>>> print(open('upload_8.pdb').read())   # PDB, C-alpha atoms and all ligand atoms
MODEL        1
ATOM      1  CA  MET A 115      54.776-101.230 -11.310
ATOM      2  CA  THR A 116      56.795-101.167  -8.082
ATOM      3  CA  TYR A 117      55.578-102.282  -4.692
ATOM      4  CA  ARG A 118      55.563-100.461  -1.387
ATOM      5  CA  ARG A 119      58.331-101.480   0.979
ATOM      6  CA  THR A 120      58.823-101.692   4.688
ATOM      7  CA  LEU A 121      61.669-102.957   6.889
ATOM      8  CA  LYS A 122      62.257-106.688   7.193
ATOM      9  CA  ARG A 123      62.953-106.546  10.940
ATOM     10  CA  ALA A 124      63.292-104.095  13.812
ATOM     11  CA  VAL A 125      66.633-102.343  14.413
ATOM     12  CA  GLY A 126      67.668 -99.676  16.885
ATOM     13  CA  CYS A 127      70.376 -97.391  18.185
ATOM     14  CA  THR A 128      70.997 -94.904  20.983
ATOM     15  CA  GLY A 129      72.504 -91.449  20.653
ATOM     16  CA  ILE A 130      72.185 -87.927  21.961
ATOM     17  CA  GLY A 131      69.805 -85.253  20.699
ATOM     18  CA  LEU A 132      71.586 -82.343  19.017
ATOM     19  CA  HIS A 133      69.515 -79.692  20.750
ATOM     20  CA  THR A 134      68.682 -81.247  24.109
ATOM     21  CA  GLY A 135      72.036 -82.998  24.569
ATOM     22  CA  ARG A 136      70.209 -85.925  26.229
ATOM     23  CA  PRO A 137      70.410 -89.609  25.241
ATOM     24  CA  VAL A 138      67.518 -90.991  23.198
ATOM     25  CA  ARG A 139      66.712 -94.523  22.054
ATOM     26  CA  LEU A 140      65.540 -94.983  18.455
ATOM     27  CA  GLU A 141      63.871 -98.146  17.074
ATOM     28  CA  LEU A 142      62.943 -98.597  13.418
ATOM     29  CA  LYS A 143      60.204-101.210  12.957
ATOM     30  CA  PRO A 144      58.227-102.758  10.085
ATOM     31  CA  ALA A 145      54.747-101.271   9.461
ATOM     32  CA  PRO A 146      51.719-102.403   7.448
ATOM     33  CA  SER A 147      51.226-101.295   3.841
ATOM     34  CA  GLY A 148      49.814 -97.771   3.632
ATOM     35  CA  ALA A 149      50.902 -96.767   7.151
ATOM     36  CA  GLY A 150      53.529 -94.344   5.836
ATOM     37  CA  ILE A 151      56.347 -93.244   8.134
ATOM     38  CA  VAL A 152      55.017 -92.737  11.664
ATOM     39  CA  PHE A 153      57.013 -91.527  14.684
ATOM     40  CA  ARG A 154      55.913 -92.795  18.074
ATOM     41  CA  ARG A 155      56.905 -91.050  21.313
ATOM     42  CA  VAL A 156      56.923 -94.206  23.446
ATOM     43  CA  ASP A 157      57.502 -92.089  26.577
ATOM     44  CA  LEU A 158      54.218 -90.215  25.950
ATOM     45  CA  GLY A 159      52.230 -92.848  24.028
ATOM     46  CA  VAL A 160      51.577 -90.479  21.088
ATOM     47  CA  SER A 161      51.992 -91.277  17.366
ATOM     48  CA  ILE A 162      53.065 -88.486  15.001
ATOM     49  CA  PRO A 163      52.828 -89.167  11.247
ATOM     50  CA  ALA A 164      55.656 -87.820   9.058
ATOM     51  CA  SER A 165      53.242 -85.548   7.233
ATOM     52  CA  LEU A 166      53.126 -81.873   6.299
ATOM     53  CA  SER A 167      49.985 -81.580   8.407
ATOM     54  CA  CYS A 168      52.061 -82.246  11.564
ATOM     55  CA  LEU A 169      54.774 -79.753  10.684
ATOM     56  CA  ASP A 170      55.525 -77.385  13.555
ATOM     57  CA  ARG A 171      58.709 -75.380  14.097
ATOM     58  CA  LEU A 172      61.293 -75.032  11.347
ATOM     59  CA  ASP A 173      63.936 -72.823  12.963
ATOM     60  CA  HIS A 174      67.045 -74.991  13.281
ATOM     61  CA  ALA A 175      65.594 -78.386  12.406
ATOM     62  CA  THR A 176      62.306 -79.863  11.279
ATOM     63  CA  THR A 177      59.861 -80.563  14.123
ATOM     64  CA  LEU A 178      56.609 -82.537  13.923
ATOM     65  CA  THR A 179      53.861 -82.106  16.516
ATOM     66  CA  ARG A 180      50.591 -83.840  17.304
ATOM     67  CA  ASP A 181      48.357 -83.861  20.380
ATOM     68  CA  GLY A 182      50.883 -81.811  22.341
ATOM     69  CA  ALA A 183      53.748 -84.249  21.646
ATOM     70  CA  SER A 184      56.596 -83.323  19.338
ATOM     71  CA  ILE A 185      59.589 -84.908  17.708
ATOM     72  CA  ASP A 186      62.522 -82.760  16.659
ATOM     73  CA  THR A 187      65.295 -83.129  14.051
ATOM     74  CA  VAL A 188      63.450 -85.678  11.909
ATOM     75  CA  GLU A 189      64.949 -84.617   8.565
ATOM     76  CA  HIS A 190      68.101 -86.779   8.342
ATOM     77  CA  LEU A 191      66.259 -89.997   9.168
ATOM     78  CA  LEU A 192      63.343 -89.116   6.855
ATOM     79  CA  SER A 193      65.839 -88.340   4.093
ATOM     80  CA  ALA A 194      67.426 -91.811   4.425
ATOM     81  CA  LEU A 195      64.075 -93.635   4.551
ATOM     82  CA  PHE A 196      62.817 -91.690   1.513
ATOM     83  CA  ALA A 197      65.954 -92.134  -0.619
ATOM     84  CA  LEU A 198      66.255 -95.847   0.200
ATOM     85  CA  GLY A 199      62.633 -96.410  -0.796
ATOM     86  CA  VAL A 200      61.070 -97.236   2.589
ATOM     87  CA  ASP A 201      57.368 -96.334   2.262
ATOM     88  CA  ASP A 202      56.054 -97.728   5.545
ATOM     89  CA  ALA A 203      57.864 -97.838   8.902
ATOM     90  CA  LEU A 204      57.309 -97.150  12.586
ATOM     91  CA  VAL A 205      59.960 -94.980  14.256
ATOM     92  CA  GLU A 206      59.884 -95.292  18.038
ATOM     93  CA  VAL A 207      61.737 -92.730  20.161
ATOM     94  CA  ASN A 208      61.733 -92.312  23.941
ATOM     95  CA  GLY A 209      62.431 -88.564  23.907
ATOM     96  CA  PRO A 210      61.720 -85.310  22.047
ATOM     97  CA  GLU A 211      64.419 -85.654  19.383
ATOM     98  CA  VAL A 212      65.851 -88.118  16.868
ATOM     99  CA  PRO A 213      69.496 -88.815  17.861
ATOM    100  CA  VAL A 214      71.980 -86.738  15.851
ATOM    101  CA  LEU A 215      74.610 -89.543  15.686
ATOM    102  CA  ASP A 216      77.421 -88.180  13.455
ATOM    103  CA  GLY A 217      75.334 -85.287  12.067
ATOM    104  CA  SER A 218      74.784 -87.010   8.726
ATOM    105  CA  ALA A 219      72.357 -89.640   7.409
ATOM    106  CA  ALA A 220      75.055 -92.322   6.985
ATOM    107  CA  PRO A 221      74.296 -94.105  10.316
ATOM    108  CA  PHE A 222      70.589 -94.283   9.354
ATOM    109  CA  VAL A 223      71.516 -95.805   5.979
ATOM    110  CA  ILE A 224      73.521 -98.466   7.845
ATOM    111  CA  LEU A 225      70.564 -99.130  10.197
ATOM    112  CA  ILE A 226      68.143 -99.499   7.259
ATOM    113  CA  HIS A 227      70.545-101.889   5.511
ATOM    114  CA  GLU A 228      70.823-103.863   8.750
ATOM    115  CA  ALA A 229      67.010-104.122   8.919
ATOM    116  CA  GLY A 230      66.667-105.115   5.256
ATOM    117  CA  LEU A 231      63.726-104.210   3.021
ATOM    118  CA  LYS A 232      60.556-106.195   2.471
ATOM    119  CA  PRO A 233      58.099-105.684  -0.418
ATOM    120  CA  LEU A 234      54.456-105.190   0.531
ATOM    121  CA  PRO A 235      51.415-106.304  -1.497
ATOM    122  CA  GLU A 236      50.280-102.805  -2.515
ATOM    123  CA  SER A 237      51.767-100.872  -5.426
ATOM    124  CA  ARG A 238      53.692 -97.700  -4.724
ATOM    125  CA  GLU A 239      52.192 -94.344  -5.705
ATOM    126  CA  TYR A 240      54.445 -91.588  -7.004
ATOM    127  CA  LEU A 241      53.749 -87.887  -6.812
ATOM    128  CA  ARG A 242      54.468 -86.632 -10.350
ATOM    129  CA  ILE A 243      55.197 -82.953 -10.957
ATOM    130  CA  LEU A 244      53.297 -81.695 -14.025
ATOM    131  CA  ALA A 245      54.059 -77.965 -13.963
ATOM    132  CA  PRO A 246      56.584 -75.705 -12.208
ATOM    133  CA  VAL A 247      55.745 -74.426  -8.724
ATOM    134  CA  GLU A 248      58.026 -71.913  -7.028
ATOM    135  CA  VAL A 249      58.411 -70.013  -3.769
ATOM    136  CA  VAL A 250      60.654 -66.948  -3.529
ATOM    137  CA  HIS A 251      61.740 -65.057  -0.424
ATOM    138  CA  GLY A 252      64.179 -62.245  -1.146
ATOM    139  CA  GLY A 253      67.236 -63.826  -2.804
ATOM    140  CA  LYS A 254      66.173 -67.323  -1.667
ATOM    141  CA  TRP A 255      63.975 -69.589  -3.731
ATOM    142  CA  ALA A 256      62.865 -73.192  -4.208
ATOM    143  CA  ARG A 257      61.079 -74.791  -7.151
ATOM    144  CA  PHE A 258      59.607 -78.101  -8.301
ATOM    145  CA  SER A 259      59.510 -78.738 -12.062
ATOM    146  CA  PRO A 260      58.628 -81.812 -14.168
ATOM    147  CA  ALA A 261      61.173 -84.663 -14.603
ATOM    148  CA  ASP A 262      60.832 -88.420 -15.204
ATOM    149  CA  HIS A 263      62.932 -89.153 -12.071
ATOM    150  CA  PHE A 264      63.695 -87.431  -8.750
ATOM    151  CA  ARG A 265      66.553 -84.948  -8.966
ATOM    152  CA  VAL A 266      67.754 -82.306  -6.504
ATOM    153  CA  THR A 267      69.870 -79.306  -7.521
ATOM    154  CA  TYR A 268      71.018 -76.967  -4.773
ATOM    155  CA  THR A 269      73.034 -73.761  -4.543
ATOM    156  CA  ILE A 270      74.270 -72.148  -1.335
ATOM    157  CA  GLY A 271      75.977 -68.827  -0.720
ATOM    158  CA  PHE A 272      76.921 -67.652   2.754
ATOM    159  CA  ASP A 273      78.821 -64.578   3.861
ATOM    160  CA  HIS A 274      81.947 -66.624   4.607
ATOM    161  CA  PRO A 275      85.055 -67.255   2.454
ATOM    162  CA  LEU A 276      84.560 -71.067   2.593
ATOM    163  CA  LEU A 277      80.913 -70.963   1.576
ATOM    164  CA  ARG A 278      80.418 -68.123  -0.866
ATOM    165  CA  HIS A 279      79.187 -70.459  -3.578
ATOM    166  CA  GLN A 280      78.615 -74.203  -3.770
ATOM    167  CA  ASN A 281      76.346 -75.957  -6.262
ATOM    168  CA  ALA A 282      75.541 -79.647  -6.681
ATOM    169  CA  SER A 283      72.959 -81.729  -8.506
ATOM    170  CA  PHE A 284      72.109 -85.412  -8.032
ATOM    171  CA  ARG A 285      69.648 -87.850  -9.493
ATOM    172  CA  VAL A 286      68.502 -89.264  -6.161
ATOM    173  CA  ASN A 287      68.390 -93.044  -5.860
ATOM    174  CA  ALA A 288      69.593 -95.417  -3.149
ATOM    175  CA  GLU A 289      73.130 -95.683  -4.577
ATOM    176  CA  ALA A 290      73.696 -91.954  -5.129
ATOM    177  CA  PHE A 291      72.217 -91.169  -1.719
ATOM    178  CA  THR A 292      74.327 -93.750   0.112
ATOM    179  CA  GLU A 293      77.606 -92.717  -1.480
ATOM    180  CA  GLN A 294      77.260 -89.040  -2.366
ATOM    181  CA  ILE A 295      74.706 -87.472  -0.042
ATOM    182  CA  ALA A 296      74.167 -89.426   3.203
ATOM    183  CA  PRO A 297      77.721 -88.914   4.614
ATOM    184  CA  ALA A 298      77.474 -85.087   4.407
ATOM    185  CA  ARG A 299      77.265 -83.665   7.937
ATOM    186  CA  THR A 300      75.323 -80.829   9.541
ATOM    187  CA  PHE A 301      77.327 -77.631   9.690
ATOM    188  CA  GLY A 302      77.251 -74.478  11.751
ATOM    189  CA  PHE A 303      79.234 -71.305  12.271
ATOM    190  CA  LEU A 304      81.304 -70.930  15.420
ATOM    191  CA  ARG A 305      80.019 -67.346  15.722
ATOM    192  CA  GLU A 306      76.445 -68.726  16.013
ATOM    193  CA  VAL A 307      77.155 -71.514  18.508
ATOM    194  CA  GLU A 308      77.028 -69.233  21.562
ATOM    195  CA  THR A 309      73.709 -67.702  20.470
ATOM    196  CA  LEU A 310      72.228 -71.159  19.906
ATOM    197  CA  ARG A 311      73.319 -72.326  23.339
ATOM    198  CA  ARG A 312      71.960 -69.211  25.035
ATOM    199  CA  ASN A 313      68.621 -70.150  23.467
ATOM    200  CA  GLY A 314      68.911 -73.704  24.793
ATOM    201  CA  LEU A 315      69.730 -75.183  21.360
ATOM    202  CA  ALA A 316      72.669 -77.255  20.105
ATOM    203  CA  LEU A 317      73.413 -78.402  23.686
ATOM    204  CA  GLY A 318      74.500 -81.786  22.306
ATOM    205  CA  GLY A 319      76.489 -80.265  19.439
ATOM    206  CA  SER A 320      80.188 -81.054  19.158
ATOM    207  CA  LEU A 321      82.848 -81.708  16.554
ATOM    208  CA  GLU A 322      81.664 -85.346  16.711
ATOM    209  CA  ASN A 323      78.329 -84.498  15.106
ATOM    210  CA  ALA A 324      78.720 -81.238  13.184
ATOM    211  CA  VAL A 325      81.176 -79.428  10.978
ATOM    212  CA  VAL A 326      81.964 -76.185  12.799
ATOM    213  CA  ILE A 327      83.155 -73.302  10.664
ATOM    214  CA  GLY A 328      85.478 -70.740  12.240
ATOM    215  CA  GLU A 329      86.675 -67.457  10.762
ATOM    216  CA  THR A 330      89.322 -69.025   8.538
ATOM    217  CA  GLY A 331      88.409 -72.676   8.181
ATOM    218  CA  VAL A 332      86.670 -75.704   9.678
ATOM    219  CA  LEU A 333      87.519 -76.733  13.244
ATOM    220  CA  ASN A 334      87.161 -80.431  12.381
ATOM    221  CA  ASN A 335      90.133 -82.299  10.946
ATOM    222  CA  LYS A 336      88.815 -82.590   7.446
ATOM    223  CA  LEU A 337      85.716 -82.501   5.301
ATOM    224  CA  ARG A 338      84.153 -85.674   3.873
ATOM    225  CA  PHE A 339      83.612 -83.922   0.514
ATOM    226  CA  GLU A 340      85.019 -80.641  -0.731
ATOM    227  CA  ASP A 341      81.396 -79.497  -1.170
ATOM    228  CA  GLU A 342      80.065 -81.263   1.957
ATOM    229  CA  PHE A 343      77.974 -78.184   2.891
ATOM    230  CA  VAL A 344      75.802 -78.108  -0.218
ATOM    231  CA  ARG A 345      75.468 -81.908  -0.101
ATOM    232  CA  HIS A 346      74.106 -81.614   3.419
ATOM    233  CA  LYS A 347      71.561 -79.045   2.226
ATOM    234  CA  ILE A 348      70.461 -81.606  -0.392
ATOM    235  CA  LEU A 349      70.154 -84.226   2.382
ATOM    236  CA  ASP A 350      67.986 -81.824   4.447
ATOM    237  CA  ALA A 351      65.823 -80.891   1.447
ATOM    238  CA  ILE A 352      65.108 -84.568   0.669
ATOM    239  CA  GLY A 353      64.077 -85.109   4.300
ATOM    240  CA  ASP A 354      61.720 -82.118   4.148
ATOM    241  CA  VAL A 355      60.028 -83.028   0.837
ATOM    242  CA  ALA A 356      59.611 -86.584   2.200
ATOM    243  CA  LEU A 357      56.775 -85.030   4.252
ATOM    244  CA  LEU A 358      54.730 -85.054   1.013
ATOM    245  CA  GLY A 359      54.330 -88.757   1.825
ATOM    246  CA  ARG A 360      55.079 -90.221  -1.607
ATOM    247  CA  PRO A 361      58.173 -90.741  -3.756
ATOM    248  CA  ILE A 362      58.527 -87.857  -6.216
ATOM    249  CA  LEU A 363      58.947 -87.748  -9.989
ATOM    250  CA  GLY A 364      60.245 -84.226 -10.474
ATOM    251  CA  HIS A 365      63.171 -81.855 -10.142
ATOM    252  CA  LEU A 366      63.641 -79.936  -6.884
ATOM    253  CA  GLU A 367      65.865 -76.881  -7.263
ATOM    254  CA  ALA A 368      66.753 -74.526  -4.440
ATOM    255  CA  THR A 369      69.040 -71.575  -3.892
ATOM    256  CA  LYS A 370      69.968 -70.369  -0.379
ATOM    257  CA  ALA A 371      66.846 -72.079   0.954
ATOM    258  CA  GLY A 372      66.258 -73.906   4.245
ATOM    259  CA  HIS A 373      63.652 -75.937   6.146
ATOM    260  CA  ALA A 374      61.041 -73.139   6.102
ATOM    261  CA  LEU A 375      61.272 -72.566   2.353
ATOM    262  CA  HIS A 376      61.298 -76.330   1.599
ATOM    263  CA  ALA A 377      58.089 -76.652   3.619
ATOM    264  CA  ALA A 378      56.506 -73.595   1.986
ATOM    265  CA  LEU A 379      57.229 -75.120  -1.432
ATOM    266  CA  CYS A 380      55.562 -78.417  -0.449
ATOM    267  CA  GLN A 381      52.524 -76.563   0.902
ATOM    268  CA  LYS A 382      52.237 -74.476  -2.268
ATOM    269  CA  LEU A 383      52.548 -77.617  -4.405
ATOM    270  CA  LEU A 384      49.685 -79.322  -2.564
ATOM    271  CA  ALA A 385      47.608 -76.155  -2.919
ATOM    272  CA  THR A 386      48.186 -76.169  -6.707
ATOM    273  CA  PRO A 387      46.316 -79.318  -7.847
ATOM    274  CA  ASP A 388      47.037 -78.716 -11.570
ATOM    275  CA  ALA A 389      50.800 -78.942 -10.879
ATOM    276  CA  TRP A 390      50.892 -82.622  -9.869
ATOM    277  CA  ASP A 391      49.149 -85.977 -10.014
ATOM    278  CA  VAL A 392      49.596 -89.462  -8.570
ATOM    279  CA  VAL A 393      50.830 -92.354 -10.763
ATOM    280  CA  ALA A 394      51.923 -95.943 -10.202
ATOM    281  CA  SER A 395      55.131 -95.384 -12.204
ATOM    282  CA  ALA A 396      56.783 -92.755 -14.374
ATOM    283  CA  GLU A 397      55.137 -94.025 -17.569
ATOM    284  CA  GLN A 398      51.616 -94.608 -16.343
ATOM    285  CA  ALA A 399      48.393 -92.677 -16.604
ATOM    286  CA  PRO A 400      47.145 -90.937 -13.438
ATOM    287  CA  LEU A 401      45.572 -93.274 -10.865
ATOM    288  CA  VAL A 402      42.773 -90.768 -10.398
ATOM    289  CA  PRO A 403      41.574 -89.401 -13.776
ATOM    290  CA  ARG A 404      41.985 -85.633 -13.920
ATOM    291  CA  PRO A 405      39.029 -83.495 -15.030
ATOM    292  CA  ALA A 406      39.595 -81.861 -18.415
ATOM    293  CA  SER A 407      40.905 -78.351 -17.852
ATOM    294  CA  ALA A 408      38.668 -76.902 -20.594
ATOM    295  CA  PRO A 409      35.022 -77.831 -21.240
ATOM    296  CA  ALA A 410      34.424 -80.068 -24.277
ATOM    297  CA  LEU A 411      33.464 -78.199 -27.425
ATOM    298  CA  VAL A 412      29.744 -78.396 -28.135
ATOM    299  CA  PRO A 413      28.791 -78.141 -31.823
ATOM    300  CA  ASP A 414      26.861 -75.014 -32.573
ATOM    301  CA  ALA A 415      23.166 -75.908 -32.855
ATOM    302  CA  SER A 416      22.533 -73.401 -35.613
TER     303      SER A 416
HETATM  304 ZN    ZN B 501      70.582 -81.265   8.452
ENDMDL
END
>>> encode(input="upload_8.pdb", output="structure tokens", more="lines below")
Ligand SMILES: [Zn+2]
Amino acid sequence: MTYRRTLKRAVGCTGIGLHTGRPVRLELKPAPSGAGIVFRRVDLGVSIPASLSCLDRLDHATTLTRDGASIDTVEHLLSALFALGVDDALVEVNGPEVPVLDGSAAPFVILIHEAGLKPLPESREYLRILAPVEVVHGGKWARFSPADHFRVTYTIGFDHPLLRHQNASFRVNAEAFTEQIAPARTFGFLREVETLRRNGLALGGSLENAVVIGETGVLNNKLRFEDEFVRHKILDAIGDVALLGRPILGHLEATKAGHALHAALCQKLLATPDAWDVVASAEQAPLVPRPASAPALVPDAS
């Protein structure tokens, strides 16, 4: 059995929001067992749980909304909290967006390490995938299938010479996330930057916090990994499935997907009760006994 964990102490940082371009203060704080990850807009006095039920827009980032208050670009921070095994934490922000920092999850990993982790008295519950669940949209798809650990396999293919095909697969734990996934930065195409800005998005975007892809190559000096793009998609996908609210025992595979398809997969999973259960560890029986799928055989009276 493993125990739920929270942060040992409060830590914080300040940075600009990718879309608004305005400075925002972020504080990560310990939370009681069972609280889950909860965002708090301290400027509005509204708490927004990191849950699928609060999911709002999914166009360029993942946005959570509750009682008219929203918090944008939550996926990189949620990805780091999920992969490092933080079950319960309060995330205070004084604006509408989590700071983008360097466009990756590496600064959040450093913050979480700085805070330290503290075990809580309650045991952790895992969401275990029992049967495949899939969503398909044209040539894009995402699927959960059974596995005794959490693995993510991702394939991307864009209409650009640098990004025609990249594929990567990781067993996701704190070490693999910290070294192989967290440093991968957000990326965008130069040709799309103007459109984004006309729509009031990416106002805080720069070469300091995103890899920008021009016609023939990246505008930044160099990539952190040769396949940094697909690694960032893995980072985003982990942050999106974190909205299921429990660590996962299963294999997430996706091809050419994005925030909307990740969310659709999570919603379909929850709507398919035979495809998952909740266990205290990979080896254990379900915490809530499942009803038998077929009625017991009754001996024929004659
Ligand atoms: Zn991202």
>>> resolve_selection(input="upload_8.pdb", expression="the PyMOL selection byres (((chain A and resi 317-327) around 7) and not hetatm)", output="PyMOL selection string")
chain A and resi 130-135+214-217+299-304+311+314-316+328-329+331-334
>>> resolve_selection(input="upload_8.pdb", expression="the PyMOL selection byres (((not hetatm)) within 10 of (chain B and resi 501))", output="short mmCIF file (atom, residue, chain, number, x, y, z; two decimals) with C-alpha atoms, in the coordinates of the input")
data_model
loop_
_atom_site.label_atom_id
_atom_site.label_comp_id
_atom_site.auth_asym_id
_atom_site.auth_seq_id
_atom_site.Cartn_x
_atom_site.Cartn_y
_atom_site.Cartn_z
CA HIS A 174 67.04 -74.99 13.28
CA ALA A 175 65.59 -78.39 12.41
CA THR A 176 62.31 -79.86 11.28
CA THR A 187 65.30 -83.13 14.05
CA VAL A 188 63.45 -85.68 11.91
CA GLU A 189 64.95 -84.62 8.56
CA HIS A 190 68.10 -86.78 8.34
CA LEU A 191 66.26 -90.00 9.17
CA SER A 193 65.84 -88.34 4.09
CA VAL A 214 71.98 -86.74 15.85
CA GLY A 217 75.33 -85.29 12.07
CA SER A 218 74.78 -87.01 8.73
CA ALA A 219 72.36 -89.64 7.41
CA ALA A 298 77.47 -85.09 4.41
CA ARG A 299 77.26 -83.66 7.94
CA THR A 300 75.32 -80.83 9.54
CA PHE A 301 77.33 -77.63 9.69
CA ALA A 324 78.72 -81.24 13.18
CA PHE A 343 77.97 -78.18 2.89
CA ARG A 345 75.47 -81.91 -0.10
CA HIS A 346 74.11 -81.61 3.42
CA LYS A 347 71.56 -79.04 2.23
CA ILE A 348 70.46 -81.61 -0.39
CA LEU A 349 70.15 -84.23 2.38
CA ASP A 350 67.99 -81.82 4.45
CA ALA A 351 65.82 -80.89 1.45
CA GLY A 353 64.08 -85.11 4.30
CA ASP A 354 61.72 -82.12 4.15
CA GLY A 372 66.26 -73.91 4.24
CA HIS A 373 63.65 -75.94 6.15
#
>>> closest_atom_pairs(input="upload_8.pdb", of="stretch 160-270 of chain A", to="stretch 286-293 of chain A", cutoff="6 Å", atoms="all atoms listed in the file", output="Markdown table")
| residue | atom | partner | partner_atom | distance |
| --- | --- | --- | --- | --- |
| A:Ala197 | CA | A:Ala288 | CA | 5.5 |
| A:Leu198 | CA | A:Ala288 | CA | 4.7 |
| A:Phe264 | CA | A:Val286 | CA | 5.8 |
| A:Arg265 | CA | A:Val286 | CA | 5.5 |
>>> write_last_selection(input="upload_8.pdb", atoms="C-alpha atoms", output="PDB file, in the coordinates of the input")
ATOM      1  CA  ALA A 197      65.954 -92.134  -0.619  1.00  0.00           C
ATOM      2  CA  LEU A 198      66.255 -95.847   0.200  1.00  0.00           C
ATOM      3  CA  PHE A 264      63.695 -87.431  -8.750  1.00  0.00           C
ATOM      4  CA  ARG A 265      66.553 -84.948  -8.966  1.00  0.00           C
TER       5      ARG A 265
END
>>> residues_around(input="upload_8.pdb", residues="stretch 224-240 of chain A", least_positions_apart="5", cutoff="9 Å", atoms="only C-alpha atoms", output="PyMOL selection string")
chain A and resi 115-127+142-144+146-148+194-195+198-201+219+360-363+391-396+401
>>> write_last_selection(input="upload_8.pdb", atoms="C-alpha atoms", output="compact mmCIF listing (two decimals), keeping the file's coordinate frame")
# COMPACT_ATOMS: atom_id res chain seq x y z
CA MET A 115 54.78 -101.23 -11.31
CA THR A 116 56.80 -101.17 -8.08
CA TYR A 117 55.58 -102.28 -4.69
CA ARG A 118 55.56 -100.46 -1.39
CA ARG A 119 58.33 -101.48 0.98
CA THR A 120 58.82 -101.69 4.69
CA LEU A 121 61.67 -102.96 6.89
CA LYS A 122 62.26 -106.69 7.19
CA ARG A 123 62.95 -106.55 10.94
CA ALA A 124 63.29 -104.10 13.81
CA VAL A 125 66.63 -102.34 14.41
CA GLY A 126 67.67 -99.68 16.89
CA CYS A 127 70.38 -97.39 18.18
CA LEU A 142 62.94 -98.60 13.42
CA LYS A 143 60.20 -101.21 12.96
CA PRO A 144 58.23 -102.76 10.09
CA PRO A 146 51.72 -102.40 7.45
CA SER A 147 51.23 -101.30 3.84
CA GLY A 148 49.81 -97.77 3.63
CA ALA A 194 67.43 -91.81 4.42
CA LEU A 195 64.08 -93.64 4.55
CA LEU A 198 66.26 -95.85 0.20
CA GLY A 199 62.63 -96.41 -0.80
CA VAL A 200 61.07 -97.24 2.59
CA ASP A 201 57.37 -96.33 2.26
CA ALA A 219 72.36 -89.64 7.41
CA ARG A 360 55.08 -90.22 -1.61
CA PRO A 361 58.17 -90.74 -3.76
CA ILE A 362 58.53 -87.86 -6.22
CA LEU A 363 58.95 -87.75 -9.99
CA ASP A 391 49.15 -85.98 -10.01
CA VAL A 392 49.60 -89.46 -8.57
CA VAL A 393 50.83 -92.35 -10.76
CA ALA A 394 51.92 -95.94 -10.20
CA SER A 395 55.13 -95.38 -12.20
CA ALA A 396 56.78 -92.76 -14.37
CA LEU A 401 45.57 -93.27 -10.86
>>> residues_around(input="upload_8.pdb", residues="A:Gln280", least_positions_apart="6", cutoff="8 Å", atoms="all atoms listed in the file", output="compact mmCIF listing (two decimals) with C-alpha atoms, keeping the file's coordinate frame")
# COMPACT_ATOMS: atom_id res chain seq x y z
CA THR A 269 73.03 -73.76 -4.54
CA ILE A 270 74.27 -72.15 -1.34
CA GLY A 271 75.98 -68.83 -0.72
CA ASP A 341 81.40 -79.50 -1.17
CA PHE A 343 77.97 -78.18 2.89
CA VAL A 344 75.80 -78.11 -0.22
>>> resolve_selection(input="upload_8.pdb", expression="the PyMOL selection byres (((chain A and resi 177) around 9) and not hetatm)", output="ChimeraX atom specification")
/A:168-173,175-176,178-179,184-189,211
>>> atom_distance(input="upload_8.pdb", atom1="atom CA of A:Val138", atom2="atom CA of A:Asn208")
6.0 Å
>>> atom_distance(input="upload_8.pdb", atom1="atom CA of A:Glu141", atom2="atom CA of A:Gly359")
20.3 Å
>>> closest_residue(input="upload_8.pdb", among="A:Ala145, A:Asp262, A:Ala220, A:Glu248", to="A:Ala385", atoms="all atoms listed in the file")
A:Glu248
>>> closest_residue(input="upload_8.pdb", among="A:Val212, A:Thr309, A:Trp390, A:Thr330", to="A:His274", atoms="only C-alpha atoms")
A:Thr330
>>> closest_residue(input="upload_8.pdb", among="A:Gln294, A:Ser283, A:Gln381, A:Thr369", to="A:Leu357", atoms="only C-alpha atoms")
A:Gln381
>>> atom_distance(input="upload_8.pdb", atom1="atom CA of A:Phe339", atom2="atom CA of A:His365")
23.1 Å
>>> closest_residue(input="upload_8.pdb", among="A:Leu244, A:Leu140, A:Leu158, A:Ala378", to="A:Val355", atoms="all atoms listed in the file")
A:Ala378
>>> axis_aligned_box(input="upload_8.pdb", around="stretch 157-169 of chain A", padding_each_side="4 Å", output="JSON")
{"center_x": 53.7, "center_y": -86.3, "center_z": 16.4, "size_x": 15.5, "size_y": 21.1, "size_z": 28.3}
>>> residues_near_point(input="upload_8.pdb", point="(54.1, -72.2, -2.7)", cutoff="9 Å", atoms="all atoms listed in the file", output="list in words")
Val247, Glu248, Val249, Val250, Ala256, Arg257, Leu375, Ala377, Ala378, Leu379, Cys380, Gln381, Lys382, Leu383, Leu384, Ala385 and Thr386 of chain A
>>> closest_residue(input="upload_8.pdb", among="A:Gly364, A:Pro137, A:Gly209, A:Gly129", to="A:Leu241", atoms="all atoms listed in the file")
A:Gly364
>>> closest_residue(input="upload_8.pdb", among="A:Asn335, A:Ser259, A:Ser161, A:Ser167", to="A:Ala389", atoms="only C-alpha atoms")
A:Ser259
